[in-house]
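Below: data-v8.pdb (PDB, C-alpha atoms)
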```
ATOM      1  CA  PRO A   1      59.460 221.455  -9.463
ATOM      2  CA  LEU A   2      57.629 219.269  -6.967
ATOM      3  CA  LEU A   3      54.275 220.050  -8.552
ATOM      4  CA  SER A   4      55.411 218.671 -11.907
ATOM      5  CA  LEU A   5      55.775 215.251 -10.238
ATOM      6  CA  SER A   6      52.125 215.056  -9.244
ATOM      7  CA  VAL A   7      50.454 211.702  -9.694
ATOM      8  CA  PRO A   8      48.462 211.707 -12.993
ATOM      9  CA  PRO A   9      44.695 211.878 -12.525
ATOM     10  CA  ALA A  10      43.087 208.476 -12.853
ATOM     11  CA  PRO A  11      39.503 207.715 -13.836
ATOM     12  CA  SER A  12      37.299 207.779 -10.783
ATOM     13  CA  PRO A  13      35.818 204.452  -9.676
ATOM     14  CA  VAL A  14      32.386 206.077  -9.311
ATOM     15  CA  VAL A  15      29.877 205.965 -12.156
ATOM     16  CA  LEU A  16      30.063 209.202 -14.132
ATOM     17  CA  PRO A  17      26.729 211.068 -14.225
ATOM     18  CA  SER A  18      24.783 211.165 -17.486
ATOM     19  CA  THR A  19      21.545 212.722 -16.232
ATOM     20  CA  ALA A  20      20.711 215.933 -14.390
ATOM     21  CA  PRO A  21      19.704 214.169 -11.124
ATOM     22  CA  GLY A  22      22.925 212.151 -11.218
ATOM     23  CA  ALA A  23      25.012 215.245 -11.887
ATOM     24  CA  LEU A  24      23.254 217.128  -9.096
ATOM     25  CA  ALA A  25      24.042 214.368  -6.608
ATOM     26  CA  ALA A  26      27.651 214.199  -7.815
ATOM     27  CA  LEU A  27      28.077 217.970  -7.638
ATOM     28  CA  GLN A  28      26.943 218.017  -4.032
ATOM     29  CA  SER A  29      29.796 215.640  -3.149
ATOM     30  CA  MET A  30      32.545 217.594  -4.954
ATOM     31  CA  SER A  31      35.152 219.837  -3.364
ATOM     32  CA  VAL A  32      34.290 223.537  -3.538
ATOM     33  CA  LYS A  33      37.168 225.995  -3.194
ATOM     34  CA  PRO A  34      38.567 229.121  -4.859
ATOM     35  CA  ALA A  35      40.433 228.969  -8.145
ATOM     36  CA  ALA A  36      44.183 228.491  -7.731
ATOM     37  CA  ALA A  37      47.156 227.640  -9.941
ATOM     38  CA  SER A  38      50.826 226.899  -9.460
ATOM     39  CA  SER A  39      51.788 229.082 -12.449
ATOM     40  CA  PRO A  40      50.138 231.263 -15.139
ATOM     41  CA  PHE A  41      47.853 229.507 -17.632
ATOM     42  CA  ASP A  42      49.222 228.541 -21.026
ATOM     43  CA  ALA A  43      47.046 226.458 -23.376
ATOM     44  CA  ALA A  44      50.169 224.948 -24.950
ATOM     45  CA  ARG A  45      50.696 222.969 -21.742
ATOM     46  CA  PHE A  46      47.753 220.762 -22.740
ATOM     47  CA  GLY A  47      49.397 219.770 -26.007
ATOM     48  CA  ALA A  48      47.707 219.290 -29.380
ATOM     49  CA  PRO A  49      45.168 216.719 -30.620
ATOM     50  CA  ASP A  50      46.759 213.283 -30.710
ATOM     51  CA  TRP A  51      47.468 211.758 -34.113
ATOM     52  CA  LEU A  52      46.551 208.105 -34.267
ATOM     53  CA  PRO A  53      48.166 205.300 -36.305
ATOM     54  CA  SER A  54      45.112 205.487 -38.590
ATOM     55  CA  GLY A  55      46.185 208.970 -39.699
ATOM     56  CA  CYS A  56      43.380 210.785 -37.873
ATOM     57  CA  ASN A  57      43.483 212.853 -34.744
ATOM     58  CA  THR A  58      41.187 213.066 -31.739
ATOM     59  CA  ASP A  59      39.040 215.748 -33.362
ATOM     60  CA  ASP A  60      38.104 213.365 -36.193
ATOM     61  CA  LEU A  61      36.905 210.791 -33.667
ATOM     62  CA  VAL A  62      34.729 213.402 -31.968
ATOM     63  CA  LEU A  63      33.301 214.614 -35.286
ATOM     64  CA  LYS A  64      32.465 211.040 -36.279
ATOM     65  CA  ARG A  65      30.671 210.579 -32.946
ATOM     66  CA  ASP A  66      28.745 213.868 -32.933
ATOM     67  CA  LEU A  67      27.898 214.598 -36.579
ATOM     68  CA  VAL A  68      24.818 213.215 -38.298
ATOM     69  CA  GLY A  69      25.611 211.702 -41.679
ATOM     70  CA  ALA A  70      29.344 212.126 -41.229
ATOM     71  CA  ALA A  71      31.077 211.531 -44.563
ATOM     72  CA  LYS A  72      34.723 210.534 -44.817
ATOM     73  CA  VAL A  73      37.252 212.089 -47.185
ATOM     74  CA  SER A  74      37.515 208.680 -48.876
ATOM     75  CA  PRO A  75      36.268 205.151 -48.134
ATOM     76  CA  SER A  76      39.647 204.152 -46.714
ATOM     77  CA  SER A  77      40.132 207.346 -44.671
ATOM     78  CA  CYS A  78      39.005 208.175 -41.163
ATOM     79  CA  LEU A  79      39.237 211.923 -41.859
ATOM     80  CA  ILE A  80      35.758 213.446 -41.633
ATOM     81  CA  ALA A  81      34.905 215.565 -44.674
ATOM     82  CA  SER A  82      31.390 216.777 -43.886
ATOM     83  CA  GLY A  83      28.219 216.256 -41.906
ATOM     84  CA  HIS A  84      25.413 217.953 -40.013
ATOM     85  CA  LEU A  85      25.403 218.772 -36.311
ATOM     86  CA  PHE A  86      22.447 219.415 -34.069
ATOM     87  CA  ASP A  87      24.314 221.840 -31.848
ATOM     88  CA  PRO A  88      23.573 220.898 -28.223
ATOM     89  CA  TYR A  89      24.297 224.434 -27.024
ATOM     90  CA  SER A  90      22.163 226.511 -29.404
ATOM     91  CA  ALA A  91      19.635 223.792 -30.386
ATOM     92  CA  THR A  92      20.146 224.565 -34.088
ATOM     93  CA  TRP A  93      21.298 222.519 -37.064
ATOM     94  CA  LEU A  94      24.761 223.422 -38.388
ATOM     95  CA  TRP A  95      26.830 222.257 -41.349
ATOM     96  CA  TYR A  96      30.391 220.968 -41.101
ATOM     97  CA  SER A  97      32.769 220.832 -44.068
ATOM     98  CA  ARG A  98      36.460 220.149 -43.696
ATOM     99  CA  PHE A  99      37.249 222.088 -46.850
ATOM    100  CA  LYS A 100      35.010 225.081 -46.303
ATOM    101  CA  GLN A 101      36.877 228.245 -45.355
ATOM    102  CA  PHE A 102      34.152 229.558 -43.067
ATOM    103  CA  ASN A 103      32.936 226.549 -41.134
ATOM    104  CA  GLN A 104      30.033 226.473 -38.691
ATOM    105  CA  VAL A 105      31.335 223.647 -36.485
ATOM    106  CA  ALA A 106      34.470 222.901 -34.461
ATOM    107  CA  VAL A 107      35.497 220.678 -31.571
ATOM    108  CA  ASP A 108      35.302 222.398 -28.198
ATOM    109  CA  GLN A 109      36.468 221.640 -24.659
ATOM    110  CA  VAL A 110      33.677 220.800 -22.226
ATOM    111  CA  VAL A 111      35.723 222.176 -19.327
ATOM    112  CA  PRO A 112      37.848 225.002 -20.787
ATOM    113  CA  PHE A 113      41.553 224.360 -20.321
ATOM    114  CA  ALA A 114      41.857 227.663 -18.460
ATOM    115  CA  ALA A 115      39.153 226.587 -15.996
ATOM    116  CA  ALA A 116      40.725 223.152 -15.575
ATOM    117  CA  TRP A 117      44.103 224.790 -14.964
ATOM    118  CA  THR A 118      42.841 226.763 -11.975
ATOM    119  CA  THR A 119      40.869 223.882 -10.449
ATOM    120  CA  GLY A 120      43.588 221.249 -10.296
ATOM    121  CA  ALA A 121      45.241 220.735 -13.693
ATOM    122  CA  SER A 122      48.159 223.082 -12.998
ATOM    123  CA  THR A 123      49.631 220.404 -10.701
ATOM    124  CA  TRP A 124      49.405 217.590 -13.270
ATOM    125  CA  THR A 125      52.232 216.199 -15.332
ATOM    126  CA  PRO A 126      52.392 217.177 -19.030
ATOM    127  CA  ASP A 127      51.289 213.682 -20.004
ATOM    128  CA  SER A 128      48.268 213.916 -17.703
ATOM    129  CA  ARG A 129      47.206 217.198 -19.294
ATOM    130  CA  ARG A 130      47.645 215.738 -22.783
ATOM    131  CA  ARG A 131      45.461 212.736 -21.879
ATOM    132  CA  PHE A 132      42.818 215.054 -20.458
ATOM    133  CA  ALA A 133      42.868 217.214 -23.592
ATOM    134  CA  ASN A 134      42.354 214.166 -25.814
ATOM    135  CA  ASP A 135      39.653 212.429 -23.775
ATOM    136  CA  PRO A 136      36.421 212.258 -25.840
ATOM    137  CA  LEU A 137      34.484 212.950 -22.633
ATOM    138  CA  GLU A 138      36.157 216.384 -22.536
ATOM    139  CA  LEU A 139      35.464 217.156 -26.204
ATOM    140  CA  ARG A 140      32.232 218.091 -27.969
ATOM    141  CA  ALA A 141      31.440 219.288 -31.493
ATOM    142  CA  THR A 142      29.508 222.562 -31.357
ATOM    143  CA  GLY A 143      28.974 225.822 -33.205
ATOM    144  CA  ILE A 144      31.961 228.083 -33.689
ATOM    145  CA  SER A 145      29.853 231.044 -32.582
ATOM    146  CA  GLN A 146      29.174 229.310 -29.261
ATOM    147  CA  ILE A 147      32.870 228.542 -28.801
ATOM    148  CA  ALA A 148      33.705 232.204 -29.383
ATOM    149  CA  ALA A 149      31.050 233.334 -26.898
ATOM    150  CA  LYS A 150      32.239 230.881 -24.273
ATOM    151  CA  ALA A 151      35.986 231.517 -24.720
ATOM    152  CA  ARG A 152      37.861 230.513 -21.547
ATOM    153  CA  ARG A 153      34.991 231.097 -19.147
ATOM    154  CA  ASP A 154      33.636 228.477 -16.772
ATOM    155  CA  ALA A 155      29.979 227.956 -15.868
ATOM    156  CA  THR A 156      30.052 231.152 -13.807
ATOM    157  CA  GLY A 157      30.654 233.308 -16.875
ATOM    158  CA  TRP A 158      28.977 231.349 -19.691
ATOM    159  CA  LEU A 159      26.183 228.853 -20.229
ATOM    160  CA  PRO A 160      24.476 227.701 -23.450
ATOM    161  CA  PRO A 161      21.708 230.108 -24.466
ATOM    162  CA  ASN A 162      18.876 227.575 -24.168
ATOM    163  CA  ALA A 163      17.778 225.634 -21.094
ATOM    164  CA  VAL A 164      18.129 222.152 -22.590
ATOM    165  CA  GLY A 165      21.637 222.936 -23.833
ATOM    166  CA  ALA A 166      22.609 224.363 -20.449
ATOM    167  CA  CYS A 167      21.446 221.182 -18.707
ATOM    168  CA  ALA A 168      23.433 218.925 -21.044
ATOM    169  CA  TYR A 169      26.496 221.160 -20.780
ATOM    170  CA  VAL A 170      26.546 221.198 -16.984
ATOM    171  CA  VAL A 171      25.975 217.434 -16.794
ATOM    172  CA  ASP A 172      28.986 216.956 -19.093
ATOM    173  CA  GLN A 173      31.108 219.374 -17.045
ATOM    174  CA  VAL A 174      30.334 217.573 -13.795
ATOM    175  CA  ALA A 175      31.235 214.224 -15.383
ATOM    176  CA  VAL A 176      34.601 215.563 -16.585
ATOM    177  CA  LYS A 177      35.401 217.131 -13.236
ATOM    178  CA  ILE A 178      34.470 213.953 -11.361
ATOM    179  CA  LYS A 179      36.591 211.773 -13.643
ATOM    180  CA  TYR A 180      39.671 213.987 -13.347
ATOM    181  CA  ARG A 181      39.178 215.040  -9.725
ATOM    182  CA  LEU A 182      38.924 218.725 -10.532
ATOM    183  CA  TRP A 183      37.217 220.869  -7.941
ATOM    184  CA  VAL A 184      34.540 223.530  -8.532
ATOM    185  CA  THR A 185      34.812 227.160  -7.504
ATOM    186  CA  PRO A 186      32.076 228.722  -5.339
ATOM    187  CA  GLY A 187      30.756 230.581  -8.389
ATOM    188  CA  GLU A 188      30.717 227.434 -10.515
ATOM    189  CA  ASN A 189      28.966 225.526  -7.769
ATOM    190  CA  THR A 190      26.206 228.139  -7.479
ATOM    191  CA  SER A 191      25.702 228.332 -11.248
ATOM    192  CA  MET A 192      25.704 224.559 -11.736
ATOM    193  CA  LEU A 193      23.290 223.976  -8.848
ATOM    194  CA  ARG A 194      20.900 226.568 -10.278
ATOM    195  CA  VAL A 195      20.935 224.925 -13.728
ATOM    196  CA  LEU A 196      20.663 221.314 -12.539
ATOM    197  CA  SER A 197      17.864 222.122 -10.104
ATOM    198  CA  HIS A 198      15.624 223.124 -13.030
ATOM    199  CA  CYS A 199      16.544 220.380 -15.505
ATOM    200  CA  PRO A 200      14.169 217.604 -16.561
ATOM    201  CA  ALA A 201      15.087 214.188 -15.225
TER     202      ALA A 201
END
```
Encoded form using structure tokens:
Amino acid sequence: PLLSLSVPPAPSPVVLPSTAPGALAALQSMSVKPAAASSPFDAARFGAPDWLPSGCNTDDLVLKRDLVGAAKVSPSSCLIASGHLFDPYSATWLWYSRFKQFNQVAVDQVVPFAAAWTTGASTWTPDSRRRFANDPLELRATGISQIAAKARRDATGWLPPNAVGACAYVVDQVAVKIKYRLWVTPGENTSMLRVLSHCPA
């Protein structure tokens, strides 16, 4: 009961890293400790994508940001109908279509909810978890095949299959963890350090 009253995570006053050197410096200042949680993980505790007054949800905003040539369902709609994605994880071009049964693209969590849960999020309030789950910093359009391969695993168990994608992914993960004051596990720390140490500036 006491854990549910935890103060919601607030954006950190430090500048969030956007480059490998910045992420490496930030990672070296983060808390490193074993995974822990106040209760078993349940993805439903992070809520669903927020619906906005415009009639779109958070996923549409991310698709508009990440897709090339994003086309709307209609001129007056903010629902994204189609577009191309240069997948940052696989370094391949993919096609998105809202009305296609077998799509190639979906919106993914940068830090999987399961990994966030065991590195601090289990003590947050429901509203804090919902805000985290709908933060564009925590969301990225990518290939469905990459999402399936990644599943709930953190950087210890999964990294993008190409070096450039791995660098971008780890930089994004460090930024999310810094903003929401999540810690890194020893395994995550080792994996992230190894990736960032070999990234171009």
Nearest to Leu196 (chain A) by atom-to-atom distance, counting only C-alpha atoms, from A:Leu94, A:Ala163, A:Cys56, A:Ile80
A:Ala163
In Å, rounded to a single decimal, give me how far CA of Trp124 (chain A) is from CA of Ser38 (chain A).
10.2 Å
For Thr142 (chain A), please output as a CSV table (one decimal) with C-alpha atoms, keeping the file's coordinate frame all residues within 7 Å (counting all atoms listed in the file; exclusion window: fewer than 5 positions along the same chain).
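The result, stored in result-v6.csv:
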```csv
chain,number,residue,atom,x,y,z
A,87,ASP,CA,24.3,221.8,-31.8
A,88,PRO,CA,23.6,220.9,-28.2
A,105,VAL,CA,31.3,223.6,-36.5
A,106,ALA,CA,34.5,222.9,-34.5
A,107,VAL,CA,35.5,220.7,-31.6
A,108,ASP,CA,35.3,222.4,-28.2
```
Run the PyMOL selection byres ((chain A and resi 193) around 10) on the file and write out the hits as an mmCIF file with C-alpha atoms, in the coordinates of the input.
```cif
data_model
loop_
_atom_site.group_PDB
_atom_site.id
_atom_site.type_symbol
_atom_site.label_atom_id
_atom_site.label_comp_id
_atom_site.auth_asym_id
_atom_site.auth_seq_id
_atom_site.Cartn_x
_atom_site.Cartn_y
_atom_site.Cartn_z
ATOM 1 C CA ALA A 23 25.012 215.245 -11.887
ATOM 2 C CA LEU A 24 23.254 217.128 -9.096
ATOM 3 C CA ALA A 25 24.042 214.368 -6.608
ATOM 4 C CA LEU A 27 28.077 217.970 -7.638
ATOM 5 C CA GLN A 28 26.943 218.017 -4.032
ATOM 6 C CA VAL A 170 26.546 221.198 -16.984
ATOM 7 C CA GLY A 187 30.756 230.581 -8.389
ATOM 8 C CA GLU A 188 30.717 227.434 -10.515
ATOM 9 C CA ASN A 189 28.966 225.526 -7.769
ATOM 10 C CA THR A 190 26.206 228.139 -7.479
ATOM 11 C CA SER A 191 25.702 228.332 -11.248
ATOM 12 C CA MET A 192 25.704 224.559 -11.736
ATOM 13 C CA ARG A 194 20.900 226.568 -10.278
ATOM 14 C CA VAL A 195 20.935 224.925 -13.728
ATOM 15 C CA LEU A 196 20.663 221.314 -12.539
ATOM 16 C CA SER A 197 17.864 222.122 -10.104
ATOM 17 C CA HIS A 198 15.624 223.124 -13.030
#
```
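Going from CA of Lys177 (chain A) to CA of Gln104 (chain A) covers 27.6 Å.
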If we count only C-alpha atoms and set the cut-off at 12 Å, which residues sit around region 89-92 of chain A, ignoring sequence neighbours fewer than 6 positions away in its own chain? Please answer as a PyMOL selection string.
chain A and resi 104-105+108+110+140-147+149-150+158-170+172
For those residues, write C-alpha atoms to a file as a PDB file, keeping the file's coordinate frame.
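Wrote it out as again_36.pdb, contents follow:
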```
ATOM      1  CA  GLN A 104      30.033 226.473 -38.691  1.00  0.00           C
ATOM      2  CA  VAL A 105      31.335 223.647 -36.485  1.00  0.00           C
ATOM      3  CA  ASP A 108      35.302 222.398 -28.198  1.00  0.00           C
ATOM      4  CA  VAL A 110      33.677 220.800 -22.226  1.00  0.00           C
ATOM      5  CA  ARG A 140      32.232 218.091 -27.969  1.00  0.00           C
ATOM      6  CA  ALA A 141      31.440 219.288 -31.493  1.00  0.00           C
ATOM      7  CA  THR A 142      29.508 222.562 -31.357  1.00  0.00           C
ATOM      8  CA  GLY A 143      28.974 225.822 -33.205  1.00  0.00           C
ATOM      9  CA  ILE A 144      31.961 228.083 -33.689  1.00  0.00           C
ATOM     10  CA  SER A 145      29.853 231.044 -32.582  1.00  0.00           C
ATOM     11  CA  GLN A 146      29.174 229.310 -29.261  1.00  0.00           C
ATOM     12  CA  ILE A 147      32.870 228.542 -28.801  1.00  0.00           C
ATOM     13  CA  ALA A 149      31.050 233.334 -26.898  1.00  0.00           C
ATOM     14  CA  LYS A 150      32.239 230.881 -24.273  1.00  0.00           C
ATOM     15  CA  TRP A 158      28.977 231.349 -19.691  1.00  0.00           C
ATOM     16  CA  LEU A 159      26.183 228.853 -20.229  1.00  0.00           C
ATOM     17  CA  PRO A 160      24.476 227.701 -23.450  1.00  0.00           C
ATOM     18  CA  PRO A 161      21.708 230.108 -24.466  1.00  0.00           C
ATOM     19  CA  ASN A 162      18.876 227.575 -24.168  1.00  0.00           C
ATOM     20  CA  ALA A 163      17.778 225.634 -21.094  1.00  0.00           C
ATOM     21  CA  VAL A 164      18.129 222.152 -22.590  1.00  0.00           C
ATOM     22  CA  GLY A 165      21.637 222.936 -23.833  1.00  0.00           C
ATOM     23  CA  ALA A 166      22.609 224.363 -20.449  1.00  0.00           C
ATOM     24  CA  CYS A 167      21.446 221.182 -18.707  1.00  0.00           C
ATOM     25  CA  ALA A 168      23.433 218.925 -21.044  1.00  0.00           C
ATOM     26  CA  TYR A 169      26.496 221.160 -20.780  1.00  0.00           C
ATOM     27  CA  VAL A 170      26.546 221.198 -16.984  1.00  0.00           C
ATOM     28  CA  ASP A 172      28.986 216.956 -19.093  1.00  0.00           C
TER      29      ASP A 172
END
```
When you draw a straight line from CA of Leu16 (chain A) to CA of Ala70 (chain A), how long is it in Å?
27.3 Å
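Considering the residues A:Tyr180, A:Asn57, A:Thr185, A:Gly120 and counting all atoms listed in the file, Ser39 (chain A) has its shortest atom-to-atom contact with A:Gly120.
Of the residues under consideration (A:Ser77, A:Thr58, A:Thr118, A:Asn103), A:Thr118 shows the shortest atom-to-atom contact distance to Arg153 (chain A) when counting all atoms listed in the file.
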Proximity to Ala151 (chain A) - best of A:Leu85, A:Val111, A:Leu182, A:Leu139, all atoms listed in the file:
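Using all atoms listed in the file, the shortest distance to Ala151 (chain A) belongs to A:Val111.
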I'd like the residues picked by the PyMOL selection byres ((chain A and resi 121) around 12) written out as an MDAnalysis selection string, using the chain letters and numbers from the file.
chainID A and resid 3:4 6:9 35:43 45:46 111:120 122:133 177 180:183
Using the chain letters and numbers from the file, which residues does the PyMOL selection byres ((chain A and resi 63-68) around 6) grab, as a count of residues only?
8
Take region 167-183 of chain A, model N, CA, C and O atoms, and hand the result over as a compact mmCIF listing (two decimals), keeping the file's coordinate frame.
```txt
# COMPACT_ATOMS: atom_id res chain seq x y z
N CYS A 167 21.51 222.40 -19.52
CA CYS A 167 21.45 221.18 -18.71
C CYS A 167 22.47 220.16 -19.18
O CYS A 167 23.24 219.61 -18.39
N ALA A 168 22.50 219.91 -20.49
CA ALA A 168 23.43 218.92 -21.04
C ALA A 168 24.88 219.35 -20.80
O ALA A 168 25.74 218.52 -20.47
N TYR A 169 25.14 220.64 -20.95
CA TYR A 169 26.50 221.16 -20.78
C TYR A 169 26.98 220.97 -19.35
O TYR A 169 28.10 220.52 -19.11
N VAL A 170 26.14 221.31 -18.39
CA VAL A 170 26.55 221.20 -16.98
C VAL A 170 26.70 219.74 -16.58
O VAL A 170 27.63 219.38 -15.84
N VAL A 171 25.83 218.87 -17.08
CA VAL A 171 25.98 217.43 -16.79
C VAL A 171 27.33 216.95 -17.30
O VAL A 171 28.06 216.23 -16.61
N ASP A 172 27.69 217.35 -18.53
CA ASP A 172 28.99 216.96 -19.09
C ASP A 172 30.15 217.52 -18.27
O ASP A 172 31.15 216.83 -18.04
N GLN A 173 30.04 218.77 -17.84
CA GLN A 173 31.11 219.37 -17.05
C GLN A 173 31.31 218.63 -15.72
O GLN A 173 32.45 218.38 -15.32
N VAL A 174 30.23 218.29 -15.07
CA VAL A 174 30.33 217.57 -13.80
C VAL A 174 31.00 216.22 -14.02
O VAL A 174 31.87 215.80 -13.24
N ALA A 175 30.63 215.53 -15.09
CA ALA A 175 31.24 214.22 -15.38
C ALA A 175 32.74 214.34 -15.58
O ALA A 175 33.52 213.54 -15.06
N VAL A 176 33.17 215.36 -16.35
CA VAL A 176 34.60 215.56 -16.58
C VAL A 176 35.32 215.87 -15.28
O VAL A 176 36.38 215.31 -14.98
N LYS A 177 34.75 216.74 -14.49
CA LYS A 177 35.40 217.13 -13.24
C LYS A 177 35.48 215.96 -12.25
O LYS A 177 36.46 215.82 -11.53
N ILE A 178 34.45 215.14 -12.22
CA ILE A 178 34.47 213.95 -11.36
C ILE A 178 35.56 213.00 -11.83
O ILE A 178 36.36 212.49 -11.02
N LYS A 179 35.62 212.73 -13.12
CA LYS A 179 36.59 211.77 -13.64
C LYS A 179 38.02 212.20 -13.35
O LYS A 179 38.87 211.38 -13.00
N TYR A 180 38.30 213.51 -13.49
CA TYR A 180 39.67 213.99 -13.35
C TYR A 180 39.94 214.66 -12.00
O TYR A 180 40.97 215.30 -11.81
N ARG A 181 39.00 214.53 -11.09
CA ARG A 181 39.18 215.04 -9.72
C ARG A 181 39.49 216.54 -9.69
O ARG A 181 40.31 217.00 -8.90
N LEU A 182 38.84 217.27 -10.57
CA LEU A 182 38.92 218.72 -10.53
C LEU A 182 37.89 219.23 -9.54
O LEU A 182 36.81 218.66 -9.40
N TRP A 183 38.21 220.31 -8.85
CA TRP A 183 37.22 220.87 -7.94
C TRP A 183 36.38 221.92 -8.67
O TRP A 183 36.64 222.26 -9.82
```
